[in-house]
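Chemist: Contents of data-v3.cif (mmCIF, C-alpha atoms; chains and numbers go by the auth columns):
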data_structure
loop_
_atom_site.group_PDB
_atom_site.id
_atom_site.type_symbol
_atom_site.label_atom_id
_atom_site.label_comp_id
_atom_site.label_asym_id
_atom_site.label_seq_id
_atom_site.Cartn_x
_atom_site.Cartn_y
_atom_site.Cartn_z
_atom_site.B_iso_or_equiv
_atom_site.auth_seq_id
_atom_site.auth_asym_id
ATOM 1 C CA MET A 1 129.210 114.194 109.457 0.00 261 A
ATOM 2 C CA SER A 2 125.760 113.742 111.012 0.00 262 A
ATOM 3 C CA VAL A 3 125.096 110.814 113.339 0.00 263 A
ATOM 4 C CA LEU A 4 121.847 109.194 114.501 0.00 264 A
ATOM 5 C CA GLU A 5 122.259 107.371 117.823 0.00 265 A
ATOM 6 C CA VAL A 6 119.891 105.083 119.711 0.00 266 A
ATOM 7 C CA LYS A 7 121.030 104.463 123.273 0.00 267 A
ATOM 8 C CA ASP A 8 119.596 101.788 125.592 0.00 268 A
ATOM 9 C CA LEU A 9 116.101 102.408 124.254 0.00 269 A
ATOM 10 C CA HIS A 10 113.167 100.827 126.126 0.00 270 A
ATOM 11 C CA VAL A 11 109.699 101.238 124.591 0.00 271 A
ATOM 12 C CA SER A 12 106.252 99.926 125.519 0.00 272 A
ATOM 13 C CA VAL A 13 102.695 100.076 124.171 0.00 273 A
ATOM 14 C CA GLU A 14 99.318 99.849 125.863 0.00 274 A
ATOM 15 C CA THR A 15 97.208 96.842 124.906 0.00 275 A
ATOM 16 C CA GLU A 16 93.900 95.418 126.105 0.00 276 A
ATOM 17 C CA GLN A 17 95.940 93.078 128.296 0.00 277 A
ATOM 18 C CA GLY A 18 97.953 95.954 129.779 0.00 278 A
ATOM 19 C CA THR A 19 101.377 97.456 129.154 0.00 279 A
ATOM 20 C CA LYS A 20 103.536 95.416 126.778 0.00 280 A
ATOM 21 C CA GLN A 21 107.288 95.886 126.594 0.00 281 A
ATOM 22 C CA ILE A 22 108.488 95.967 122.979 0.00 282 A
ATOM 23 C CA LEU A 23 112.033 97.352 122.926 0.00 283 A
ATOM 24 C CA LYS A 24 114.213 96.181 125.793 0.00 284 A
ATOM 25 C CA GLY A 25 117.457 98.085 125.469 0.00 285 A
ATOM 26 C CA VAL A 26 118.380 98.849 121.855 0.00 286 A
ATOM 27 C CA ASP A 27 121.694 100.456 120.896 0.00 287 A
ATOM 28 C CA LEU A 28 122.475 101.623 117.353 0.00 288 A
ATOM 29 C CA ARG A 29 124.741 104.203 115.763 0.00 289 A
ATOM 30 C CA VAL A 30 124.171 105.268 112.161 0.00 290 A
ATOM 31 C CA ALA A 31 126.463 107.767 110.432 0.00 291 A
ATOM 32 C CA GLN A 32 125.463 109.640 107.291 0.00 292 A
ATOM 33 C CA GLY A 33 126.159 107.573 104.214 0.00 293 A
ATOM 34 C CA GLU A 34 125.866 104.253 106.061 0.00 294 A
ATOM 35 C CA ILE A 35 123.231 101.616 105.342 0.00 295 A
ATOM 36 C CA HIS A 36 122.064 99.560 108.321 0.00 296 A
ATOM 37 C CA ALA A 37 119.699 96.646 107.663 0.00 297 A
ATOM 38 C CA ILE A 38 117.371 95.728 110.534 0.00 298 A
ATOM 39 C CA MET A 39 116.161 92.136 110.258 0.00 299 A
ATOM 40 C CA GLY A 40 114.311 89.745 112.527 0.00 300 A
ATOM 41 C CA PRO A 41 111.142 87.685 112.967 0.00 301 A
ATOM 42 C CA ASN A 42 107.658 89.190 113.248 0.00 302 A
ATOM 43 C CA GLY A 43 107.039 90.951 116.549 0.00 303 A
ATOM 44 C CA SER A 44 110.702 91.484 117.333 0.00 304 A
ATOM 45 C CA GLY A 45 110.434 95.291 117.561 0.00 305 A
ATOM 46 C CA LYS A 46 111.667 96.436 114.141 0.00 306 A
ATOM 47 C CA SER A 47 108.699 98.628 113.260 0.00 307 A
ATOM 48 C CA THR A 48 108.450 99.853 116.862 0.00 308 A
ATOM 49 C CA LEU A 49 111.959 101.264 116.487 0.00 309 A
ATOM 50 C CA ALA A 50 110.966 103.003 113.240 0.00 310 A
ATOM 51 C CA TYR A 51 107.860 104.640 114.655 0.00 311 A
ATOM 52 C CA THR A 52 109.551 105.597 117.906 0.00 312 A
ATOM 53 C CA ILE A 53 112.263 107.457 115.994 0.00 313 A
ATOM 54 C CA ALA A 54 109.582 109.226 113.949 0.00 314 A
ATOM 55 C CA GLY A 55 107.541 110.134 117.044 0.00 315 A
ATOM 56 C CA HIS A 56 104.361 108.044 116.824 0.00 316 A
ATOM 57 C CA PRO A 57 102.320 108.749 119.995 0.00 317 A
ATOM 58 C CA LYS A 58 101.304 105.091 120.368 0.00 318 A
ATOM 59 C CA TYR A 59 104.796 104.161 121.547 0.00 319 A
ATOM 60 C CA HIS A 60 105.889 105.120 125.040 0.00 320 A
ATOM 61 C CA VAL A 61 109.607 105.612 125.653 0.00 321 A
ATOM 62 C CA GLU A 62 110.312 104.371 129.156 0.00 322 A
ATOM 63 C CA SER A 63 114.034 105.078 129.096 0.00 323 A
ATOM 64 C CA GLY A 64 116.928 105.623 126.736 0.00 324 A
ATOM 65 C CA GLU A 65 117.810 108.220 124.127 0.00 325 A
ATOM 66 C CA VAL A 66 117.512 108.905 120.412 0.00 326 A
ATOM 67 C CA LEU A 67 119.999 111.577 119.397 0.00 327 A
ATOM 68 C CA LEU A 68 120.589 113.378 116.110 0.00 328 A
ATOM 69 C CA ASP A 69 123.959 115.112 116.188 0.00 329 A
ATOM 70 C CA GLY A 70 123.685 115.161 119.965 0.00 330 A
ATOM 71 C CA GLU A 71 120.195 116.705 120.017 0.00 331 A
ATOM 72 C CA ASP A 72 117.435 114.753 121.782 0.00 332 A
ATOM 73 C CA LEU A 73 114.867 113.743 119.148 0.00 333 A
ATOM 74 C CA LEU A 74 112.529 112.409 121.804 0.00 334 A
ATOM 75 C CA LYS A 75 111.896 115.948 123.056 0.00 335 A
ATOM 76 C CA MET A 76 110.931 117.126 119.565 0.00 336 A
ATOM 77 C CA THR A 77 107.502 117.130 117.943 0.00 337 A
ATOM 78 C CA VAL A 78 106.987 114.957 114.880 0.00 338 A
ATOM 79 C CA ASP A 79 107.309 117.905 112.488 0.00 339 A
ATOM 80 C CA ALA A 80 110.424 119.157 114.290 0.00 340 A
ATOM 81 C CA ARG A 81 112.038 115.736 113.803 0.00 341 A
ATOM 82 C CA ALA A 82 111.291 115.940 110.088 0.00 342 A
ATOM 83 C CA ARG A 83 112.798 119.429 109.866 0.00 343 A
ATOM 84 C CA ALA A 84 115.860 118.161 111.758 0.00 344 A
ATOM 85 C CA GLY A 85 116.439 115.632 108.956 0.00 345 A
ATOM 86 C CA VAL A 86 114.565 112.407 109.822 0.00 346 A
ATOM 87 C CA PHE A 87 112.326 110.692 107.250 0.00 347 A
ATOM 88 C CA LEU A 88 110.066 107.648 107.669 0.00 348 A
ATOM 89 C CA ALA A 89 108.868 105.578 104.716 0.00 349 A
ATOM 90 C CA MET A 90 105.892 103.696 106.127 0.00 350 A
ATOM 91 C CA GLN A 91 105.022 100.084 105.451 0.00 351 A
ATOM 92 C CA TYR A 92 101.384 101.074 104.969 0.00 352 A
ATOM 93 C CA PRO A 93 101.254 104.693 103.702 0.00 353 A
ATOM 94 C CA VAL A 94 98.018 106.473 104.572 0.00 354 A
ATOM 95 C CA GLU A 95 95.568 107.975 102.096 0.00 355 A
ATOM 96 C CA ILE A 96 94.936 111.745 102.134 0.00 356 A
ATOM 97 C CA PRO A 97 91.699 112.376 100.200 0.00 357 A
ATOM 98 C CA GLY A 98 91.351 115.800 98.607 0.00 358 A
ATOM 99 C CA VAL A 99 95.087 116.563 98.626 0.00 359 A
ATOM 100 C CA ALA A 100 96.872 116.287 95.276 0.00 360 A
ATOM 101 C CA VAL A 101 100.353 114.779 95.198 0.00 361 A
ATOM 102 C CA THR A 102 101.858 117.943 93.694 0.00 362 A
ATOM 103 C CA ASN A 103 100.421 120.141 96.470 0.00 363 A
ATOM 104 C CA PHE A 104 101.411 117.664 99.152 0.00 364 A
ATOM 105 C CA LEU A 105 105.016 117.543 97.958 0.00 365 A
ATOM 106 C CA ARG A 106 105.418 121.334 97.681 0.00 366 A
ATOM 107 C CA THR A 107 103.831 121.887 101.096 0.00 367 A
ATOM 108 C CA ALA A 108 106.147 119.292 102.641 0.00 368 A
ATOM 109 C CA LYS A 109 109.204 120.847 100.983 0.00 369 A
ATOM 110 C CA THR A 110 108.206 124.298 102.237 0.00 370 A
ATOM 111 C CA ALA A 111 107.726 122.992 105.780 0.00 371 A
ATOM 112 C CA ILE A 112 111.117 121.277 105.767 0.00 372 A
ATOM 113 C CA ASP A 113 113.118 124.139 104.240 0.00 373 A
ATOM 114 C CA GLY A 114 111.222 127.041 105.797 0.00 374 A
ATOM 115 C CA GLU A 115 110.576 128.668 102.419 0.00 375 A
ATOM 116 C CA GLN A 116 108.679 127.816 99.264 0.00 376 A
ATOM 117 C CA PRO A 117 110.741 126.396 96.413 0.00 377 A
ATOM 118 C CA SER A 118 110.793 128.275 93.114 0.00 378 A
ATOM 119 C CA ILE A 119 107.890 127.014 90.986 0.00 379 A
ATOM 120 C CA ARG A 120 110.012 126.638 87.864 0.00 380 A
ATOM 121 C CA THR A 121 112.891 124.833 89.580 0.00 381 A
ATOM 122 C CA TRP A 122 110.567 122.700 91.720 0.00 382 A
ATOM 123 C CA THR A 123 108.457 121.588 88.765 0.00 383 A
ATOM 124 C CA LYS A 124 111.552 120.440 86.893 0.00 384 A
ATOM 125 C CA GLU A 125 112.883 118.623 89.943 0.00 385 A
ATOM 126 C CA VAL A 126 109.590 116.817 90.567 0.00 386 A
ATOM 127 C CA SER A 127 109.254 115.822 86.906 0.00 387 A
ATOM 128 C CA ALA A 128 112.819 114.487 86.784 0.00 388 A
ATOM 129 C CA ALA A 129 112.372 112.474 89.989 0.00 389 A
ATOM 130 C CA MET A 130 109.080 111.009 88.742 0.00 390 A
ATOM 131 C CA LYS A 131 110.668 110.055 85.432 0.00 391 A
ATOM 132 C CA ASN A 132 113.499 108.254 87.246 0.00 392 A
ATOM 133 C CA LEU A 133 110.919 106.307 89.267 0.00 393 A
ATOM 134 C CA ARG A 134 108.981 105.403 86.082 0.00 394 A
ATOM 135 C CA MET A 135 105.917 107.321 87.308 0.00 395 A
ATOM 136 C CA ASP A 136 103.337 108.599 84.830 0.00 396 A
ATOM 137 C CA PRO A 137 103.214 112.449 84.769 0.00 397 A
ATOM 138 C CA SER A 138 99.472 112.351 85.580 0.00 398 A
ATOM 139 C CA PHE A 139 100.364 110.814 88.953 0.00 399 A
ATOM 140 C CA LYS A 140 101.085 114.235 90.436 0.00 400 A
ATOM 141 C CA ASP A 141 97.442 115.298 89.990 0.00 401 A
ATOM 142 C CA ARG A 142 96.010 112.336 91.900 0.00 402 A
ATOM 143 C CA ASN A 143 95.088 112.467 95.593 0.00 403 A
ATOM 144 C CA VAL A 144 97.813 111.215 97.921 0.00 404 A
ATOM 145 C CA ASN A 145 97.765 107.391 98.017 0.00 405 A
ATOM 146 C CA GLU A 146 94.031 107.311 97.192 0.00 406 A
ATOM 147 C CA GLY A 147 93.420 104.318 94.947 0.00 407 A
ATOM 148 C CA PHE A 148 97.173 103.723 94.598 0.00 408 A
ATOM 149 C CA SER A 149 98.486 100.211 94.106 0.00 409 A
ATOM 150 C CA GLY A 150 101.048 98.917 96.596 0.00 410 A
ATOM 151 C CA GLY A 151 103.843 99.665 94.139 0.00 411 A
ATOM 152 C CA GLU A 152 102.588 103.201 93.496 0.00 412 A
ATOM 153 C CA LYS A 153 102.471 103.923 97.213 0.00 413 A
ATOM 154 C CA LYS A 154 106.057 102.779 97.661 0.00 414 A
ATOM 155 C CA ARG A 155 107.274 104.802 94.681 0.00 415 A
ATOM 156 C CA HIS A 156 105.542 107.842 96.130 0.00 416 A
ATOM 157 C CA GLU A 157 107.394 107.301 99.419 0.00 417 A
ATOM 158 C CA ILE A 158 110.724 107.224 97.579 0.00 418 A
ATOM 159 C CA LEU A 159 109.714 110.254 95.515 0.00 419 A
ATOM 160 C CA GLN A 160 109.313 112.134 98.800 0.00 420 A
ATOM 161 C CA LEU A 161 112.677 110.809 99.971 0.00 421 A
ATOM 162 C CA GLU A 162 114.450 112.100 96.872 0.00 422 A
ATOM 163 C CA LEU A 163 112.768 115.514 96.932 0.00 423 A
ATOM 164 C CA LEU A 164 112.902 116.283 100.669 0.00 424 A
ATOM 165 C CA LYS A 165 116.563 115.250 101.045 0.00 425 A
ATOM 166 C CA PRO A 166 116.653 114.203 104.721 0.00 426 A
ATOM 167 C CA LYS A 167 119.834 113.350 106.608 0.00 427 A
ATOM 168 C CA PHE A 168 118.473 109.975 107.733 0.00 428 A
ATOM 169 C CA ALA A 169 115.695 107.749 106.447 0.00 429 A
ATOM 170 C CA VAL A 170 113.991 104.823 108.121 0.00 430 A
ATOM 171 C CA LEU A 171 112.457 102.502 105.525 0.00 431 A
ATOM 172 C CA ASP A 172 109.908 100.220 107.178 0.00 432 A
ATOM 173 C CA GLU A 173 109.553 97.143 104.952 0.00 433 A
ATOM 174 C CA THR A 174 109.548 99.216 101.786 0.00 434 A
ATOM 175 C CA ASP A 175 110.016 95.983 99.828 0.00 435 A
ATOM 176 C CA SER A 176 106.747 94.410 101.008 0.00 436 A
ATOM 177 C CA GLY A 177 104.226 93.857 98.229 0.00 437 A
ATOM 178 C CA LEU A 178 106.578 94.820 95.409 0.00 438 A
ATOM 179 C CA ASP A 179 107.155 92.749 92.301 0.00 439 A
ATOM 180 C CA VAL A 180 110.681 92.334 90.955 0.00 440 A
ATOM 181 C CA ASP A 181 110.549 95.323 88.598 0.00 441 A
ATOM 182 C CA ALA A 182 109.069 97.690 91.191 0.00 442 A
ATOM 183 C CA LEU A 183 111.585 96.526 93.788 0.00 443 A
ATOM 184 C CA LYS A 184 114.448 97.355 91.460 0.00 444 A
ATOM 185 C CA ILE A 185 113.047 100.795 90.606 0.00 445 A
ATOM 186 C CA VAL A 186 112.411 101.667 94.264 0.00 446 A
ATOM 187 C CA SER A 187 115.881 100.458 95.240 0.00 447 A
ATOM 188 C CA GLU A 188 117.458 102.566 92.495 0.00 448 A
ATOM 189 C CA GLY A 189 115.654 105.595 93.945 0.00 449 A
ATOM 190 C CA VAL A 190 116.993 104.896 97.430 0.00 450 A
ATOM 191 C CA ASN A 191 120.524 104.446 96.121 0.00 451 A
ATOM 192 C CA ARG A 192 120.221 107.629 94.072 0.00 452 A
ATOM 193 C CA ALA A 193 119.118 109.608 97.140 0.00 453 A
ATOM 194 C CA ARG A 194 122.071 108.272 99.107 0.00 454 A
ATOM 195 C CA GLU A 195 124.550 109.096 96.356 0.00 455 A
ATOM 196 C CA ASN A 196 123.193 112.625 95.946 0.00 456 A
ATOM 197 C CA THR A 197 122.899 113.607 99.603 0.00 457 A
ATOM 198 C CA GLY A 198 124.976 111.223 101.735 0.00 458 A
ATOM 199 C CA LEU A 199 121.779 109.885 103.257 0.00 459 A
ATOM 200 C CA GLY A 200 122.047 107.497 106.212 0.00 460 A
ATOM 201 C CA LEU A 201 119.638 104.556 106.106 0.00 461 A
ATOM 202 C CA LEU A 202 117.897 102.235 108.535 0.00 462 A
ATOM 203 C CA LEU A 203 116.437 99.584 106.247 0.00 463 A
ATOM 204 C CA ILE A 204 113.896 97.326 107.966 0.00 464 A
ATOM 205 C CA THR A 205 113.142 94.097 106.131 0.00 465 A
ATOM 206 C CA HIS A 206 112.290 90.428 106.589 0.00 466 A
ATOM 207 C CA TYR A 207 114.002 89.295 103.426 0.00 467 A
ATOM 208 C CA THR A 208 117.350 89.648 101.701 0.00 468 A
ATOM 209 C CA ARG A 209 115.995 90.311 98.208 0.00 469 A
ATOM 210 C CA ILE A 210 116.067 94.109 98.637 0.00 470 A
ATOM 211 C CA LEU A 211 119.641 93.801 99.951 0.00 471 A
ATOM 212 C CA ARG A 212 120.684 92.580 96.505 0.00 472 A
ATOM 213 C CA TYR A 213 119.979 96.098 95.269 0.00 473 A
ATOM 214 C CA ILE A 214 120.670 98.178 98.393 0.00 474 A
ATOM 215 C CA GLN A 215 123.907 96.838 99.824 0.00 475 A
ATOM 216 C CA PRO A 216 124.057 97.158 103.631 0.00 476 A
ATOM 217 C CA ASP A 217 127.205 98.135 105.493 0.00 477 A
ATOM 218 C CA PHE A 218 125.847 96.597 108.695 0.00 478 A
ATOM 219 C CA VAL A 219 123.146 94.055 109.553 0.00 479 A
ATOM 220 C CA HIS A 220 121.407 93.948 112.944 0.00 480 A
ATOM 221 C CA VAL A 221 119.179 91.038 113.974 0.00 481 A
ATOM 222 C CA PHE A 222 116.301 91.970 116.281 0.00 482 A
ATOM 223 C CA VAL A 223 114.868 89.270 118.548 0.00 483 A
ATOM 224 C CA ASP A 224 112.439 89.943 121.402 0.00 484 A
ATOM 225 C CA GLY A 225 113.126 93.686 121.481 0.00 485 A
ATOM 226 C CA ARG A 226 116.908 93.459 121.503 0.00 486 A
ATOM 227 C CA VAL A 227 119.775 93.328 119.020 0.00 487 A
ATOM 228 C CA ALA A 228 120.687 89.643 119.142 0.00 488 A
ATOM 229 C CA GLU A 229 123.519 89.719 116.613 0.00 489 A
ATOM 230 C CA GLU A 230 125.344 92.188 114.382 0.00 490 A
ATOM 231 C CA GLY A 231 127.550 91.798 111.341 0.00 491 A
ATOM 232 C CA GLY A 232 128.009 92.663 107.698 0.00 492 A
ATOM 233 C CA ARG A 233 126.209 91.543 104.545 0.00 493 A
ATOM 234 C CA GLU A 234 127.323 87.978 105.211 0.00 494 A
ATOM 235 C CA LEU A 235 124.989 87.868 108.218 0.00 495 A
ATOM 236 C CA ALA A 236 122.001 88.583 105.959 0.00 496 A
ATOM 237 C CA ASP A 237 123.069 85.761 103.663 0.00 497 A
ATOM 238 C CA ARG A 238 123.280 83.412 106.637 0.00 498 A
ATOM 239 C CA LEU A 239 119.775 84.408 107.737 0.00 499 A
ATOM 240 C CA GLU A 240 118.502 83.693 104.239 0.00 500 A
ATOM 241 C CA ASN A 241 119.867 80.160 104.474 0.00 501 A
ATOM 242 C CA GLU A 242 119.143 79.387 108.127 0.00 502 A
ATOM 243 C CA GLY A 243 116.215 81.598 109.153 0.00 503 A
ATOM 244 C CA TYR A 244 115.788 82.834 112.721 0.00 504 A
ATOM 245 C CA ASP A 245 115.384 79.495 114.507 0.00 505 A
ATOM 246 C CA ARG A 246 118.745 79.683 116.250 0.00 506 A
ATOM 247 C CA PHE A 247 117.698 82.948 117.935 0.00 507 A
ATOM 248 C CA LEU A 248 114.355 81.685 119.215 0.00 508 A
ATOM 249 C CA PRO A 249 113.696 79.820 122.480 0.00 509 A
ATOM 250 C CA VAL A 250 113.746 76.042 122.237 0.00 510 A
ATOM 251 C CA SER A 251 110.474 74.478 123.366 0.00 511 A
ATOM 252 C CA THR A 252 110.510 71.948 126.228 0.00 512 A
ATOM 253 C CA ASP A 253 109.428 69.139 123.891 0.00 513 A
ATOM 254 C CA ALA A 254 112.162 69.932 121.425 0.00 514 A
ATOM 255 C CA ALA A 255 114.778 70.126 124.166 0.00 515 A
ATOM 256 C CA GLU A 256 113.701 66.735 125.553 0.00 516 A
ATOM 257 C CA ALA A 257 113.741 65.240 122.096 0.00 517 A
ATOM 258 C CA ASN A 258 117.306 66.454 121.577 0.00 518 A
ATOM 259 C CA VAL A 259 118.365 64.969 124.888 0.00 519 A
ATOM 260 C CA GLY A 260 116.643 61.671 124.149 0.00 520 A
#
Let me see the file written as structure tokens.
Modeler:
Amino acid sequence: MSVLEVKDLHVSVETEQGTKQILKGVDLRVAQGEIHAIMGPNGSGKSTLAYTIAGHPKYHVESGEVLLDGEDLLKMTVDARARAGVFLAMQYPVEIPGVAVTNFLRTAKTAIDGEQPSIRTWTKEVSAAMKNLRMDPSFKDRNVNEGFSGGEKKRHEILQLELLKPKFAVLDETDSGLDVDALKIVSEGVNRARENTGLGLLLITHYTRILRYIQPDFVHVFVDGRVAEEGGRELADRLENEGYDRFLPVSTDAAEANVG
């Protein structure tokens, strides 16, 4: 069984004001088949974790490790990480003008597997996956994410997930901007990928609504670059009811008011 491990990870970024520490010692262990929900307030480091795992050059790893089956991901190029079995579904997928979806998908599959898929088999697989995601067949002839609605972009991300069959996927707020129907369809695609391949998931979200469809095994609350609390699905339900106030610093005025 494959395992993705994050060990005492410290990450910073350069800003106009200087170096800013984002992650301040994160530890996580995700086995294949497990679903880990990452929750927390804005600016807590959730997306930084996602992009660090994927290899975004903006994020500087100061110390710590990210291991896939014992191999150091941090020493790998972005494409090598993808070939090793790591997939990132971005919150804001980028447009690629002039590149048709069908060509993009086949090129990605070839890069991951090291050989081109059979045209006949691949065409059937793509068509079946698109049908399951309620995507119009003409979608495959459009340029990647160009002119796509928010829902179309997210379905395209999950289409890639189902076709590329990674070992681990990091979904960065895949639920953002989705209506109820699209959320259900996207969630069904994620669950289908997990059932078919034993996919391990890091599911980053602010809200519990996606967790009604994708049931987490573990929930981790990020606050100020650290894991502040961990638990099961019941922790997500508690966050839905109480919010993140109990994790945040109490202002001086509020503290004095409580004393008074």
Chemist: Please compute the atom CA of Thr362 of chain A-atom CA of Arg452 of chain A distance, one decimal, in Å.
Modeler: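 The value is 21.1 Å.
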Chemist: Just so the selection is clear, what residues does the PyMOL selection byres ((chain A and resi 442) around 10) cover here, as a list of chain:residue names?
Modeler: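 With the shown file as input, the PyMOL selection byres ((chain A and resi 442) around 10) matches A:Leu393, A:Arg394, A:Gly410, A:Gly411, A:Glu412, A:Lys414, A:Arg415, A:Asp435, A:Gly437, A:Leu438, A:Asp439, A:Val440, A:Asp441, A:Leu443, A:Lys444, A:Ile445, A:Val446, A:Ser447, A:Glu448.
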Chemist: Between A:Val286, A:Val361, A:Ile295, A:Met390, which has the minimum distance to Lys267 of chain A (counting all atoms listed in the file)?
Modeler: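 Under the stated criterion, the closest residue is A:Val286.
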Chemist: So the first atom is atom CA of Ala310 of chain A and the second is atom CA of Pro377 of chain A; what is the distance between them in Å, to one decimal place?
Modeler: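 The value is 28.8 Å.
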Chemist: With the PyMOL selection byres ((chain A and resi 344-346) around 9) as the selection, what would be picked from this file? Answer as a VMD selection string, please.
Modeler: chain A and resid 313 to 314 328 333 339 to 343 347 to 348 372 425 to 430
Chemist: What residues have an atom no more than 6 Å from (116.4, 99.2, 127.0) in the file's own frame, counting all atoms listed in the file, and can you write them as number ranges by chain?
Modeler: A: 268-270, 284-286
Chemist: Those residues you just picked out, can you put them in a file as a PDB file, keeping the file's coordinate frame with C-alpha atoms?
Modeler:
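Listing of result-v1.pdb after writing:
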ATOM      1  CA  ASP A 268     119.596 101.788 125.592  1.00  0.00           C
ATOM      2  CA  LEU A 269     116.101 102.408 124.254  1.00  0.00           C
ATOM      3  CA  HIS A 270     113.167 100.827 126.126  1.00  0.00           C
ATOM      4  CA  LYS A 284     114.213  96.181 125.793  1.00  0.00           C
ATOM      5  CA  GLY A 285     117.457  98.085 125.469  1.00  0.00           C
ATOM      6  CA  VAL A 286     118.380  98.849 121.855  1.00  0.00           C
TER       7      VAL A 286
END
Chemist: To test your reading of the syntax: which residues would the PyMOL selection byres ((chain A and resi 366) around 12) return for the file shown? Reply as a list in words.
Modeler: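 Those residues are Val359, Ala360, Val361, Thr362, Asn363, Phe364, Leu365, Thr367, Ala368, Lys369, Thr370, Ala371, Ile372, Asp373, Gly374, Glu375, Gln376, Pro377, Ser378, Ile379, Thr381, Trp382, Thr383, Glu385, Val386, Lys400, Gln420, Leu423 and Leu424 of chain A.
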Chemist: Determine the axis-aligned bounding box of all atoms of segment 419-432 of chain A present in the file, pad each side by 6 Å, and express its centre and edge lengths in Å to one decimal place as lines of an AutoDock Vina configuration file.
Modeler:
center_x = 114.6
center_y = 108.3
center_z = 101.8
size_x = 22.5
size_y = 28.1
size_z = 24.6
